[in-house]
Structure formats: C-alpha cells, structure tokens
>>> print(open('my_file-v8.cif').read())   # mmCIF, N, CA and C atoms
data_upload
#
loop_
_atom_site.label_atom_id
_atom_site.label_comp_id
_atom_site.auth_asym_id
_atom_site.auth_seq_id
_atom_site.Cartn_x
_atom_site.Cartn_y
_atom_site.Cartn_z
N MET A 1 127.88 34.06 72.32
CA MET A 1 127.37 35.38 72.62
C MET A 1 127.16 36.14 71.32
N THR A 2 126.03 36.85 71.21
CA THR A 2 125.75 37.61 70.01
C THR A 2 126.01 39.08 70.23
N SER A 3 126.29 39.76 69.14
CA SER A 3 126.56 41.19 69.20
C SER A 3 125.31 41.97 68.88
N ASP A 4 125.15 43.12 69.51
CA ASP A 4 124.02 43.99 69.21
C ASP A 4 124.35 44.96 68.07
N ALA A 5 125.56 44.86 67.53
CA ALA A 5 125.96 45.76 66.45
C ALA A 5 125.09 45.52 65.22
N PRO A 6 124.56 46.57 64.60
CA PRO A 6 123.65 46.39 63.48
C PRO A 6 124.26 45.66 62.29
N GLY A 7 125.54 45.86 62.03
CA GLY A 7 126.17 45.22 60.88
C GLY A 7 126.29 43.72 61.01
N THR A 8 126.24 43.23 62.23
CA THR A 8 126.39 41.81 62.46
C THR A 8 125.32 41.01 61.74
N ALA A 9 124.10 41.51 61.70
CA ALA A 9 122.99 40.79 61.08
C ALA A 9 123.24 40.58 59.59
N GLN A 10 123.90 41.51 58.95
CA GLN A 10 124.19 41.40 57.52
C GLN A 10 125.58 40.83 57.27
N GLY A 11 126.32 40.54 58.30
CA GLY A 11 127.67 40.02 58.13
C GLY A 11 128.64 41.08 57.66
N LEU A 12 128.35 42.34 57.93
CA LEU A 12 129.20 43.45 57.49
C LEU A 12 129.75 44.19 58.69
N PRO A 13 130.92 44.80 58.54
CA PRO A 13 131.40 45.71 59.59
C PRO A 13 130.40 46.87 59.72
N ASP A 14 130.35 47.47 60.88
CA ASP A 14 129.36 48.51 61.14
C ASP A 14 129.37 49.64 60.12
N ASP A 15 130.56 50.11 59.70
CA ASP A 15 130.60 51.23 58.76
C ASP A 15 130.05 50.83 57.39
N GLU A 16 130.31 49.60 56.97
CA GLU A 16 129.77 49.12 55.70
C GLU A 16 128.26 48.92 55.79
N TYR A 17 127.80 48.40 56.91
CA TYR A 17 126.36 48.23 57.11
C TYR A 17 125.67 49.59 57.09
N ASP A 18 126.25 50.57 57.75
CA ASP A 18 125.68 51.91 57.79
C ASP A 18 125.56 52.48 56.37
N ALA A 19 126.59 52.33 55.56
CA ALA A 19 126.54 52.81 54.18
C ALA A 19 125.48 52.07 53.38
N TRP A 20 125.39 50.75 53.56
CA TRP A 20 124.39 49.94 52.86
C TRP A 20 122.98 50.39 53.26
N PHE A 21 122.77 50.57 54.57
CA PHE A 21 121.45 50.94 55.07
C PHE A 21 121.06 52.34 54.58
N ARG A 22 121.98 53.29 54.65
CA ARG A 22 121.68 54.65 54.18
C ARG A 22 121.35 54.68 52.69
N ALA A 23 122.06 53.88 51.90
CA ALA A 23 121.78 53.81 50.46
C ALA A 23 120.39 53.23 50.22
N LYS A 24 120.04 52.23 50.99
CA LYS A 24 118.72 51.60 50.86
C LYS A 24 117.62 52.60 51.21
N VAL A 25 117.80 53.36 52.27
CA VAL A 25 116.82 54.38 52.66
C VAL A 25 116.72 55.46 51.59
N GLN A 26 117.86 55.89 51.06
CA GLN A 26 117.85 56.92 50.03
C GLN A 26 117.09 56.46 48.79
N ARG A 27 117.33 55.20 48.37
CA ARG A 27 116.58 54.67 47.22
C ARG A 27 115.09 54.65 47.51
N ALA A 28 114.70 54.29 48.71
CA ALA A 28 113.28 54.26 49.07
C ALA A 28 112.68 55.67 49.04
N LEU A 29 113.42 56.64 49.52
CA LEU A 29 112.93 58.02 49.53
C LEU A 29 112.78 58.57 48.11
N GLN A 30 113.61 58.11 47.19
CA GLN A 30 113.58 58.59 45.81
C GLN A 30 112.63 57.78 44.93
N ASP A 31 112.05 56.73 45.45
CA ASP A 31 111.16 55.87 44.67
C ASP A 31 109.92 56.67 44.26
N PRO A 32 109.66 56.79 42.95
CA PRO A 32 108.55 57.62 42.49
C PRO A 32 107.17 56.96 42.62
N ARG A 33 107.15 55.68 42.94
CA ARG A 33 105.86 55.00 43.05
C ARG A 33 105.06 55.57 44.23
N PRO A 34 103.73 55.55 44.12
CA PRO A 34 102.92 56.06 45.22
C PRO A 34 103.07 55.18 46.46
N SER A 35 102.91 55.80 47.61
CA SER A 35 102.97 55.07 48.87
C SER A 35 101.76 54.16 49.02
N ILE A 36 101.91 53.12 49.81
CA ILE A 36 100.81 52.22 50.12
C ILE A 36 100.36 52.55 51.55
N PRO A 37 99.07 52.79 51.74
CA PRO A 37 98.59 53.06 53.10
C PRO A 37 98.92 51.90 54.05
N HIS A 38 99.17 52.21 55.29
CA HIS A 38 99.54 51.22 56.29
C HIS A 38 98.53 50.07 56.34
N GLU A 39 97.25 50.41 56.34
CA GLU A 39 96.21 49.38 56.44
C GLU A 39 96.28 48.40 55.26
N GLU A 40 96.55 48.93 54.08
CA GLU A 40 96.64 48.07 52.90
C GLU A 40 97.88 47.17 52.98
N ALA A 41 98.99 47.74 53.40
CA ALA A 41 100.21 46.95 53.55
C ALA A 41 100.01 45.84 54.58
N MET A 42 99.39 46.17 55.70
CA MET A 42 99.15 45.17 56.74
C MET A 42 98.19 44.09 56.25
N ALA A 43 97.22 44.45 55.43
CA ALA A 43 96.30 43.45 54.88
C ALA A 43 97.06 42.46 54.01
N HIS A 44 98.01 42.95 53.22
CA HIS A 44 98.83 42.07 52.38
C HIS A 44 99.69 41.14 53.23
N VAL A 45 100.29 41.70 54.27
CA VAL A 45 101.14 40.89 55.15
C VAL A 45 100.31 39.84 55.88
N THR A 46 99.16 40.25 56.39
CA THR A 46 98.29 39.32 57.11
C THR A 46 97.84 38.19 56.19
N ALA A 47 97.49 38.52 54.94
CA ALA A 47 97.09 37.49 53.98
C ALA A 47 98.23 36.52 53.69
N ALA A 48 99.44 37.04 53.56
CA ALA A 48 100.59 36.18 53.29
C ALA A 48 100.85 35.25 54.48
N ILE A 49 100.77 35.79 55.68
CA ILE A 49 100.97 34.96 56.88
C ILE A 49 99.90 33.89 56.97
N GLN A 50 98.66 34.26 56.69
CA GLN A 50 97.56 33.30 56.74
C GLN A 50 97.74 32.21 55.69
N ALA A 51 98.20 32.57 54.51
CA ALA A 51 98.43 31.58 53.45
C ALA A 51 99.48 30.58 53.87
N ILE A 52 100.53 31.03 54.52
CA ILE A 52 101.57 30.12 55.00
C ILE A 52 101.01 29.21 56.08
N ALA A 53 100.24 29.79 57.00
CA ALA A 53 99.63 28.98 58.07
C ALA A 53 98.69 27.93 57.49
N ASP A 54 97.92 28.31 56.48
CA ASP A 54 97.00 27.36 55.85
C ASP A 54 97.75 26.23 55.17
N ARG A 55 98.87 26.54 54.51
CA ARG A 55 99.66 25.50 53.85
C ARG A 55 100.25 24.52 54.87
N ARG A 56 100.62 25.02 56.03
CA ARG A 56 101.21 24.16 57.06
C ARG A 56 100.18 23.23 57.68
N LYS A 57 98.90 23.61 57.61
CA LYS A 57 97.84 22.78 58.18
C LYS A 57 97.55 21.55 57.33
N ARG A 58 97.93 21.59 56.06
CA ARG A 58 97.63 20.47 55.15
C ARG A 58 98.47 19.28 55.42
#
>>> encode(input="my_file-v8.cif", output="structure tokens")
Amino acid sequence: MTSDAPGTAQGLPDDEYDAWFRAKVQRALQDPRPSIPHEEAMAHVTAAIQAIADRRKR
C-alpha cells in the first residue's frame, strides 16, 4: 500500500518535505532570470518527448 503523503515521494518525513518544497519555491520566486512563456516551455517539452520517441523507434 502506498501513502498519499507528499514527503513519501522524496523519502522524507512530511515536515522535512514541506521545508524542502518551500525552499525550492522561494528560490524559484527569487530567480532573476526572465520567465519563459508557457507555449515556449511546452514546445521544448514536446520536442524532448519527440526526440525520445524517435530514438526508441531506431
């Protein structure tokens, strides 16, 4: 049986996972680099997925 607790995925107790996740979000919010538009990000992801699919066809 699996747990729905968020920390389980990272192998951390819930309070440690919460601290890790909050720190990660804070770093992202403070990142000075410009944002990437959703469409551009999705184009990159789609291209990466397609490249993997193409490699598997060989």
>>> select_by_dssp(input="my_file-v8.cif", residues="chain A", states="helix (DSSP H, G or I)", output="PyMOL selection string")
chain A and resi 6-10+14-30+38-57
>>> atom_distance(input="my_file-v8.cif", atom1="CA of Gln26 in chain A", atom2="CA of Val45 in chain A")
23.7 Å
>>> atom_distance(input="my_file-v8.cif", atom1="CA of Pro13 in chain A", atom2="CA of Val25 in chain A")
18.3 Å
>>> atom_distance(input="my_file-v8.cif", atom1="atom C of Trp20 in chain A", atom2="atom C of Ala41 in chain A")
23.5 Å
